[in-house]
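Have a look at the structure below before the remarks.
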Amino acid sequence: MVPQRAALGMGRGAYFPRAFSRPDVAMVPQRAALGMGRGALGGSVHSAAMYRPRRIVLIRHGQSAGNIDEEAYTTTPDWRIPLTAHGRAEAQGAGRKLRALLEERSGARAYFYHSPYLRCQDTLDAIISQLNPECIIGTREEPRISEQQFGNLQSTAVTQKSKAERNHFGRFYYRFPSGESALDVYNRVSSFIATIYRDVEQMRGVGVLTPETHIVIVSHGLAARAFIMRWFQLTVGDFELLSNQPNGSLLVMELHTDAMGNQWYELTHDSWKLLNADGCIDLKCIRVGGKPGEMRHLVRPQNVLPSVCGLAPPSPPTELDG
């Protein structure tokens, strides 16, 4: 079995690595030459050349060996945990869903960022296997969207004790012994978002970006939640309401434009449902949008107790991280 990226002649950071260079297009100084401010992915549209990506899609890797058996972390480094057979099937299914999204838009193409973890690399290969190679701009390995660090080879008993402490302490600020807090993941994801802005500017400058470009991020449950929190400027309390999206599922952020030319992204309703496995978000009155000036916070259903949503000591978690 030849890895999909190698079969396509891609490799890591392929097609348009870092500078998105093309031999037939001269590079130009980015921000000054294009007359652009910081709103590369939002703000007002002043000319037809000011394209923003049509969608930003966050895909969680398929089921891994660690998702079904925490003992895997005691003998195998987390970043080398593989997909299960079911996880590979989930990843292929994610590829078919992404293909359907791309086929909705004539000329749609995708640029991929992926975590260096084996389960994310294998998920990416499975996704690419379901796509037309002409739809792929390129791929890049991005360490800042790696899984939360829980320590090195992990003792199951210690990890379970830590997760119970996390649920009591608060999931955002709790730091695992020899590992990270969700705040640490949030900080590195914030830096990664700034890189997306710069990359979009570069793609625009060399003629790679079109109105139908999709940015696709293959990562982990917590990293995706941190991304959503940072992009939509959610509160720490909001973060505590969010569940991990299921393995192999897609969170889709759609570009919107109003009559004044202002552009912003909104997470689809189906995507919010994927983040609401614990029933902590009132899907009928979500007030979160990327449009400037709009309120940005989640609403907990009145009939759901805070303890259900991780705001007080809940029952031991049933979902394995990773």
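Residue names in the structure tokens use chain letters A, B, ... in the order shown, residue numbers from 1 in each chain, and ligand numbers from 1 in the order shown.
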
Determine, counting only C-alpha atoms, which protein, DNA and RNA residues have an atom within 9 Å of an atom of A:Trp272; residues of the same chain fewer than 2 positions away are not included. Present the result as number ranges by chain.
-> A: 242, 251, 267-270, 274-276, 281, 283, 286

Output C-alpha atoms for every residue in that selection, as a compact mmCIF listing (two decimals), in the first residue's frame.
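Below you can see again-v4.txt, which holds the result:
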# COMPACT_ATOMS: atom_id res chain seq x y z
CA LEU A 242 -18.20 21.65 24.45
CA LEU A 251 -16.87 20.56 11.73
CA LEU A 267 -20.16 27.03 12.28
CA THR A 268 -23.02 25.06 10.74
CA HIS A 269 -25.88 23.89 12.94
CA ASP A 270 -24.97 20.26 12.31
CA LEU A 274 -21.47 17.30 16.98
CA LEU A 275 -19.99 19.42 19.79
CA ASN A 276 -23.07 18.90 21.95
CA ILE A 281 -25.60 23.65 24.56
CA LEU A 283 -29.04 24.54 20.05
CA ILE A 286 -26.79 29.66 20.21

Write out as a PyMOL selection string all residues of stretch 111-190 of chain A that DSSP puts in helix (DSSP H, G or I) for this structure's backbone.
-> chain A and resi 118-128+133-135+143-145+156-169+182-190

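Distance annotation: of A:Gly151, A:Pro177, A:Gly207, A:Gly107, the residue with the minimal separation from A:Glu165 is A:Pro177; atom set is only C-alpha atoms.
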
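Minimum distance to A:Cys135 across A:Tyr73, A:Phe192, A:Arg204, A:His214 (counting only C-alpha atoms) occurs at A:His214.
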
Contacts of A:Ile217 within 9 Å, only C-alpha atoms, excl. fewer than 6 positions in-chain, as a ChimeraX atom specification | /A:56-60,111-115,145,224

Selection export as a compact mmCIF listing (two decimals), in the first residue's frame, atoms kept: N, CA, C and O atoms:
# COMPACT_ATOMS: atom_id res chain seq x y z
N ILE A 56 -13.76 26.49 6.15
CA ILE A 56 -12.71 25.94 6.99
C ILE A 56 -13.30 24.69 7.63
O ILE A 56 -14.36 24.75 8.26
N VAL A 57 -12.65 23.55 7.43
CA VAL A 57 -13.20 22.26 7.87
C VAL A 57 -12.23 21.63 8.86
O VAL A 57 -11.04 21.48 8.56
N LEU A 58 -12.73 21.27 10.03
CA LEU A 58 -11.92 20.60 11.04
C LEU A 58 -12.36 19.14 11.13
O LEU A 58 -13.54 18.86 11.40
N ILE A 59 -11.42 18.23 10.90
CA ILE A 59 -11.72 16.80 10.90
C ILE A 59 -10.95 16.14 12.04
O ILE A 59 -9.73 16.29 12.13
N ARG A 60 -11.67 15.43 12.88
CA ARG A 60 -11.00 14.65 13.92
C ARG A 60 -10.56 13.31 13.33
O ARG A 60 -11.28 12.71 12.52
N TYR A 111 -6.65 22.81 0.76
CA TYR A 111 -5.30 22.79 1.32
C TYR A 111 -5.40 22.21 2.72
O TYR A 111 -6.25 22.62 3.51
N PHE A 112 -4.52 21.26 3.04
CA PHE A 112 -4.61 20.50 4.28
C PHE A 112 -3.48 20.87 5.25
O PHE A 112 -2.32 20.94 4.86
N TYR A 113 -3.86 21.04 6.52
CA TYR A 113 -2.92 21.04 7.63
C TYR A 113 -3.23 19.80 8.45
O TYR A 113 -4.40 19.44 8.64
N HIS A 114 -2.18 19.13 8.97
CA HIS A 114 -2.45 17.94 9.78
C HIS A 114 -1.48 17.85 10.94
O HIS A 114 -0.32 18.28 10.86
N SER A 115 -1.96 17.28 12.03
CA SER A 115 -1.13 16.98 13.18
C SER A 115 -0.08 15.94 12.79
O SER A 115 -0.33 15.07 11.97
N ILE A 145 -0.98 21.81 16.14
CA ILE A 145 -2.32 21.24 16.30
C ILE A 145 -2.23 19.80 16.77
O ILE A 145 -3.14 19.00 16.56
N ALA A 224 -9.40 20.83 18.14
CA ALA A 224 -10.52 21.41 17.38
C ALA A 224 -11.38 22.30 18.27
O ALA A 224 -11.80 23.39 17.86

Run DSSP on the backbone of this structure and report the residues of stretch 47-125 of chain A it assigns to strand (DSSP E), as a PyMOL selection string.
-> chain A and resi 55-60+109-114

The selected residues should be written to file as a CSV table (one decimal), in the first residue's frame (atoms: all heavy atoms).
chain,number,residue,atom,x,y,z
A,55,ARG,N,-14.7,27.6,2.9
A,55,ARG,CA,-14.9,26.9,4.1
A,55,ARG,C,-13.6,26.6,4.8
A,55,ARG,O,-12.6,26.5,4.2
A,55,ARG,CB,-15.6,25.6,3.8
A,55,ARG,CG,-17.0,25.6,3.2
A,55,ARG,CD,-17.6,24.2,3.1
A,55,ARG,NE,-19.0,24.3,2.6
A,55,ARG,CZ,-19.4,23.9,1.4
A,55,ARG,NH1,-18.5,23.4,0.5
A,55,ARG,NH2,-20.7,23.9,1.0
A,56,ILE,N,-13.8,26.5,6.1
A,56,ILE,CA,-12.7,25.9,7.0
A,56,ILE,C,-13.3,24.7,7.6
A,56,ILE,O,-14.4,24.8,8.3
A,56,ILE,CB,-12.2,26.9,8.1
A,56,ILE,CG1,-11.7,28.2,7.4
A,56,ILE,CG2,-11.2,26.3,9.0
A,56,ILE,CD1,-11.4,29.3,8.4
A,57,VAL,N,-12.7,23.6,7.4
A,57,VAL,CA,-13.2,22.3,7.9
A,57,VAL,C,-12.2,21.6,8.9
A,57,VAL,O,-11.0,21.5,8.6
A,57,VAL,CB,-13.4,21.3,6.7
A,57,VAL,CG1,-14.1,20.0,7.1
A,57,VAL,CG2,-14.3,22.0,5.6
A,58,LEU,N,-12.7,21.3,10.0
A,58,LEU,CA,-11.9,20.6,11.0
A,58,LEU,C,-12.4,19.1,11.1
A,58,LEU,O,-13.5,18.9,11.4
A,58,LEU,CB,-12.1,21.3,12.4
A,58,LEU,CG,-11.6,22.7,12.5
A,58,LEU,CD1,-12.8,23.7,12.4
A,58,LEU,CD2,-10.8,23.0,13.7
A,59,ILE,N,-11.4,18.2,10.9
A,59,ILE,CA,-11.7,16.8,10.9
A,59,ILE,C,-10.9,16.1,12.0
A,59,ILE,O,-9.7,16.3,12.1
A,59,ILE,CB,-11.3,16.1,9.6
A,59,ILE,CG1,-12.1,16.8,8.4
A,59,ILE,CG2,-11.6,14.6,9.6
A,59,ILE,CD1,-11.7,16.3,7.0
A,60,ARG,N,-11.7,15.4,12.9
A,60,ARG,CA,-11.0,14.7,13.9
A,60,ARG,C,-10.6,13.3,13.3
A,60,ARG,O,-11.3,12.7,12.5
A,60,ARG,CB,-11.9,14.4,15.1
A,60,ARG,CG,-11.2,13.7,16.3
A,60,ARG,CD,-12.2,13.4,17.4
A,60,ARG,NE,-11.5,12.7,18.5
A,60,ARG,CZ,-12.1,12.1,19.5
A,60,ARG,NH1,-13.4,12.1,19.6
A,60,ARG,NH2,-11.4,11.5,20.5
A,109,ARG,N,-11.1,23.4,-4.3
A,109,ARG,CA,-9.9,22.7,-4.0
A,109,ARG,C,-9.6,22.9,-2.6
A,109,ARG,O,-10.1,23.8,-1.9
A,109,ARG,CB,-8.7,23.2,-4.9
A,109,ARG,CG,-8.9,23.1,-6.4
A,109,ARG,CD,-7.8,23.8,-7.2
A,109,ARG,NE,-6.6,22.9,-7.1
A,109,ARG,CZ,-5.3,23.4,-7.2
A,109,ARG,NH1,-5.1,24.7,-7.4
A,109,ARG,NH2,-4.3,22.6,-7.2
A,110,ALA,N,-8.7,22.0,-2.0
A,110,ALA,CA,-8.5,22.0,-0.6
A,110,ALA,C,-7.0,22.1,-0.3
A,110,ALA,O,-6.2,21.4,-1.0
A,110,ALA,CB,-9.1,20.8,0.1
A,111,TYR,N,-6.6,22.8,0.8
A,111,TYR,CA,-5.3,22.8,1.3
A,111,TYR,C,-5.4,22.2,2.7
A,111,TYR,O,-6.2,22.6,3.5
A,111,TYR,CB,-4.7,24.2,1.4
A,111,TYR,CG,-3.2,24.1,1.7
A,111,TYR,CD1,-2.2,23.8,0.8
A,111,TYR,CD2,-2.8,24.3,3.1
A,111,TYR,CE1,-0.9,23.7,1.1
A,111,TYR,CE2,-1.5,24.2,3.4
A,111,TYR,CZ,-0.5,23.9,2.5
A,111,TYR,OH,0.8,23.7,2.8
A,112,PHE,N,-4.5,21.3,3.0
A,112,PHE,CA,-4.6,20.5,4.3
A,112,PHE,C,-3.5,20.9,5.3
A,112,PHE,O,-2.3,20.9,4.9
A,112,PHE,CB,-4.5,19.0,4.0
A,112,PHE,CG,-5.7,18.4,3.3
A,112,PHE,CD1,-5.7,18.5,1.9
A,112,PHE,CD2,-6.7,17.8,3.9
A,112,PHE,CE1,-6.8,17.9,1.2
A,112,PHE,CE2,-7.8,17.3,3.3
A,112,PHE,CZ,-7.8,17.3,1.9
A,113,TYR,N,-3.9,21.0,6.5
A,113,TYR,CA,-2.9,21.0,7.6
A,113,TYR,C,-3.2,19.8,8.5
A,113,TYR,O,-4.4,19.4,8.6
A,113,TYR,CB,-3.1,22.3,8.5
A,113,TYR,CG,-2.9,23.6,7.9
A,113,TYR,CD1,-3.9,24.3,7.3
A,113,TYR,CD2,-1.6,24.2,7.8
A,113,TYR,CE1,-3.7,25.5,6.7
A,113,TYR,CE2,-1.4,25.4,7.3
A,113,TYR,CZ,-2.5,26.1,6.7
A,113,TYR,OH,-2.3,27.3,6.1
A,114,HIS,N,-2.2,19.1,9.0
A,114,HIS,CA,-2.5,17.9,9.8
A,114,HIS,C,-1.5,17.8,10.9
A,114,HIS,O,-0.3,18.3,10.9
A,114,HIS,CB,-2.4,16.7,8.9
A,114,HIS,CG,-1.0,16.4,8.4
A,114,HIS,ND1,-0.1,15.5,9.1
A,114,HIS,CD2,-0.3,16.8,7.3
A,114,HIS,CE1,1.0,15.4,8.4
A,114,HIS,NE2,0.9,16.2,7.3

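Residue nearest A:Ala72 within the list A:Gly170, A:Ser219, A:Ser155, A:Ala194: A:Ser155 [criterion: smallest interatomic distance, only C-alpha atoms].
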
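If only C-alpha atoms are the atoms counted, then among A:Ser178, A:Asn167, A:Gln121, A:Ser243 the closest residue to A:Leu222 is A:Ser243.
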
Can you tell me, as an MDAnalysis selection string, what residues are no more than 10 Å from A:Asp69 when counting only C-alpha atoms, ignoring any on the same chain fewer than 4 positions away?
-> chainID A and resid 64:65 73 156 320

Those selected residues, please, written with all heavy atoms and delivered as a JSON list (two decimals), in the first residue's frame.
[["chain", "number", "residue", "atom", "x", "y", "z"],
["A", 64, "SER", "N", -8.69, 5.55, 17.14],
["A", 64, "SER", "CA", -7.32, 5.04, 17.34],
["A", 64, "SER", "C", -7.32, 3.91, 18.35],
["A", 64, "SER", "O", -8.30, 3.70, 19.08],
["A", 64, "SER", "CB", -6.40, 6.17, 17.83],
["A", 64, "SER", "OG", -6.68, 6.48, 19.18],
["A", 65, "ALA", "N", -6.20, 3.21, 18.42],
["A", 65, "ALA", "CA", -6.07, 2.13, 19.40],
["A", 65, "ALA", "C", -6.25, 2.67, 20.82],
["A", 65, "ALA", "O", -6.79, 1.99, 21.70],
["A", 65, "ALA", "CB", -4.72, 1.45, 19.25],
["A", 73, "TYR", "N", -1.44, 3.45, 25.73],
["A", 73, "TYR", "CA", -0.56, 4.57, 26.06],
["A", 73, "TYR", "C", 0.57, 4.17, 27.00],
["A", 73, "TYR", "O", 1.51, 4.94, 27.20],
["A", 73, "TYR", "CB", -1.37, 5.71, 26.69],
["A", 73, "TYR", "CG", -2.42, 6.28, 25.78],
["A", 73, "TYR", "CD1", -3.78, 6.10, 26.05],
["A", 73, "TYR", "CD2", -2.08, 7.01, 24.65],
["A", 73, "TYR", "CE1", -4.76, 6.63, 25.23],
["A", 73, "TYR", "CE2", -3.05, 7.54, 23.81],
["A", 73, "TYR", "CZ", -4.39, 7.34, 24.12],
["A", 73, "TYR", "OH", -5.36, 7.86, 23.29],
["A", 156, "THR", "N", -2.02, 4.02, 33.30],
["A", 156, "THR", "CA", -3.48, 4.10, 33.20],
["A", 156, "THR", "C", -4.10, 4.61, 34.49],
["A", 156, "THR", "O", -4.99, 5.47, 34.47],
["A", 156, "THR", "CB", -4.07, 2.73, 32.85],
["A", 156, "THR", "OG1", -3.49, 2.28, 31.62],
["A", 156, "THR", "CG2", -5.57, 2.81, 32.69],
["A", 320, "LEU", "N", -12.76, 8.29, 25.89],
["A", 320, "LEU", "CA", -11.31, 8.34, 26.00],
["A", 320, "LEU", "C", -10.79, 9.46, 25.12],
["A", 320, "LEU", "O", -11.26, 9.68, 24.01],
["A", 320, "LEU", "CB", -10.70, 7.01, 25.56],
["A", 320, "LEU", "CG", -11.16, 5.77, 26.36],
["A", 320, "LEU", "CD1", -10.38, 4.55, 25.90],
["A", 320, "LEU", "CD2", -10.96, 6.00, 27.86]]

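The two atoms in question, atom CA of A:Asp278 and atom CA of A:Leu241, are spaced 8.1 Å apart.
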
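With only C-alpha atoms as the atoms that count, the residue of A:Ala94, A:Ile215, A:Ala100, A:Leu118 with the shortest distance to A:Pro82 is A:Leu118.
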
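Checking A:Pro211, A:Pro116, A:Pro143, A:Gly279 one by one against A:Val185, counting only C-alpha atoms, you find the shortest gap at A:Pro143.
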
Point-to-point distance from atom CA of A:Val218 to atom CA of A:Asn132, Å rounded to tenths | 17.9 Å

Distance of atom CA of A:Thr195 from atom CA of A:Trp264, expressed in Å to one decimal place = 17.9 Å

Near A:Phe176, counting only C-alpha atoms, which residues have an atom at most 9 Å away, once you skip same-chain residues fewer than 6 positions from it, shown as a ChimeraX atom specification?
-> /A:149-151,159,162-163,166

Using all heavy atoms, can you write the selected residues to a file as a tab-separated table (two decimals), in the first residue's frame?
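Final output, saved to selection-v4.tsv:
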chain	number	residue	atom	x	y	z
A	149	GLN	N	-0.80	17.26	25.51
A	149	GLN	CA	0.23	16.39	26.07
A	149	GLN	C	-0.18	15.92	27.47
A	149	GLN	O	-0.44	16.74	28.36
A	149	GLN	CB	1.57	17.12	26.13
A	149	GLN	CG	2.03	17.64	24.76
A	149	GLN	CD	2.18	16.53	23.74
A	149	GLN	OE1	3.05	15.67	23.87
A	149	GLN	NE2	1.31	16.53	22.73
A	150	PHE	N	-0.26	14.60	27.65
A	150	PHE	CA	-0.66	14.03	28.93
A	150	PHE	C	0.53	13.49	29.72
A	150	PHE	O	0.35	12.94	30.81
A	150	PHE	CB	-1.66	12.89	28.70
A	150	PHE	CG	-2.93	13.33	28.02
A	150	PHE	CD1	-3.16	13.01	26.70
A	150	PHE	CD2	-3.87	14.08	28.70
A	150	PHE	CE1	-4.32	13.42	26.06
A	150	PHE	CE2	-5.04	14.49	28.07
A	150	PHE	CZ	-5.26	14.16	26.75
A	151	GLY	N	1.73	13.61	29.20
A	151	GLY	CA	2.90	13.00	29.80
A	151	GLY	C	3.51	12.06	28.78
A	151	GLY	O	3.05	11.96	27.65
A	159	THR	N	-3.42	8.35	34.86
A	159	THR	CA	-4.18	9.13	33.89
A	159	THR	C	-5.65	9.21	34.30
A	159	THR	O	-6.27	10.28	34.24
A	159	THR	CB	-4.06	8.51	32.49
A	159	THR	OG1	-2.69	8.51	32.10
A	159	THR	CG2	-4.87	9.30	31.48
A	162	SER	N	-5.97	11.60	37.10
A	162	SER	CA	-5.81	12.98	36.64
A	162	SER	C	-7.07	13.47	35.94
A	162	SER	O	-7.48	14.63	36.11
A	162	SER	CB	-4.61	13.07	35.69
A	162	SER	OG	-3.40	12.77	36.36
A	163	LYS	N	-7.70	12.61	35.16
A	163	LYS	CA	-8.92	13.02	34.45
A	163	LYS	C	-10.06	13.28	35.42
A	163	LYS	O	-10.88	14.19	35.22
A	163	LYS	CB	-9.31	11.97	33.41
A	163	LYS	CG	-8.36	11.96	32.21
A	163	LYS	CD	-8.77	10.94	31.16
A	163	LYS	CE	-7.83	11.01	29.96
A	163	LYS	NZ	-8.18	10.04	28.90
A	166	ARG	N	-9.31	16.60	36.81
A	166	ARG	CA	-9.61	17.62	35.80
A	166	ARG	C	-11.10	17.97	35.80
A	166	ARG	O	-11.47	19.15	35.70
A	166	ARG	CB	-9.19	17.11	34.42
A	166	ARG	CG	-9.54	18.05	33.27
A	166	ARG	CD	-9.19	17.45	31.92
A	166	ARG	NE	-9.97	16.24	31.64
A	166	ARG	CZ	-9.87	15.55	30.50
A	166	ARG	NH1	-9.03	15.95	29.56
A	166	ARG	NH2	-10.60	14.48	30.31
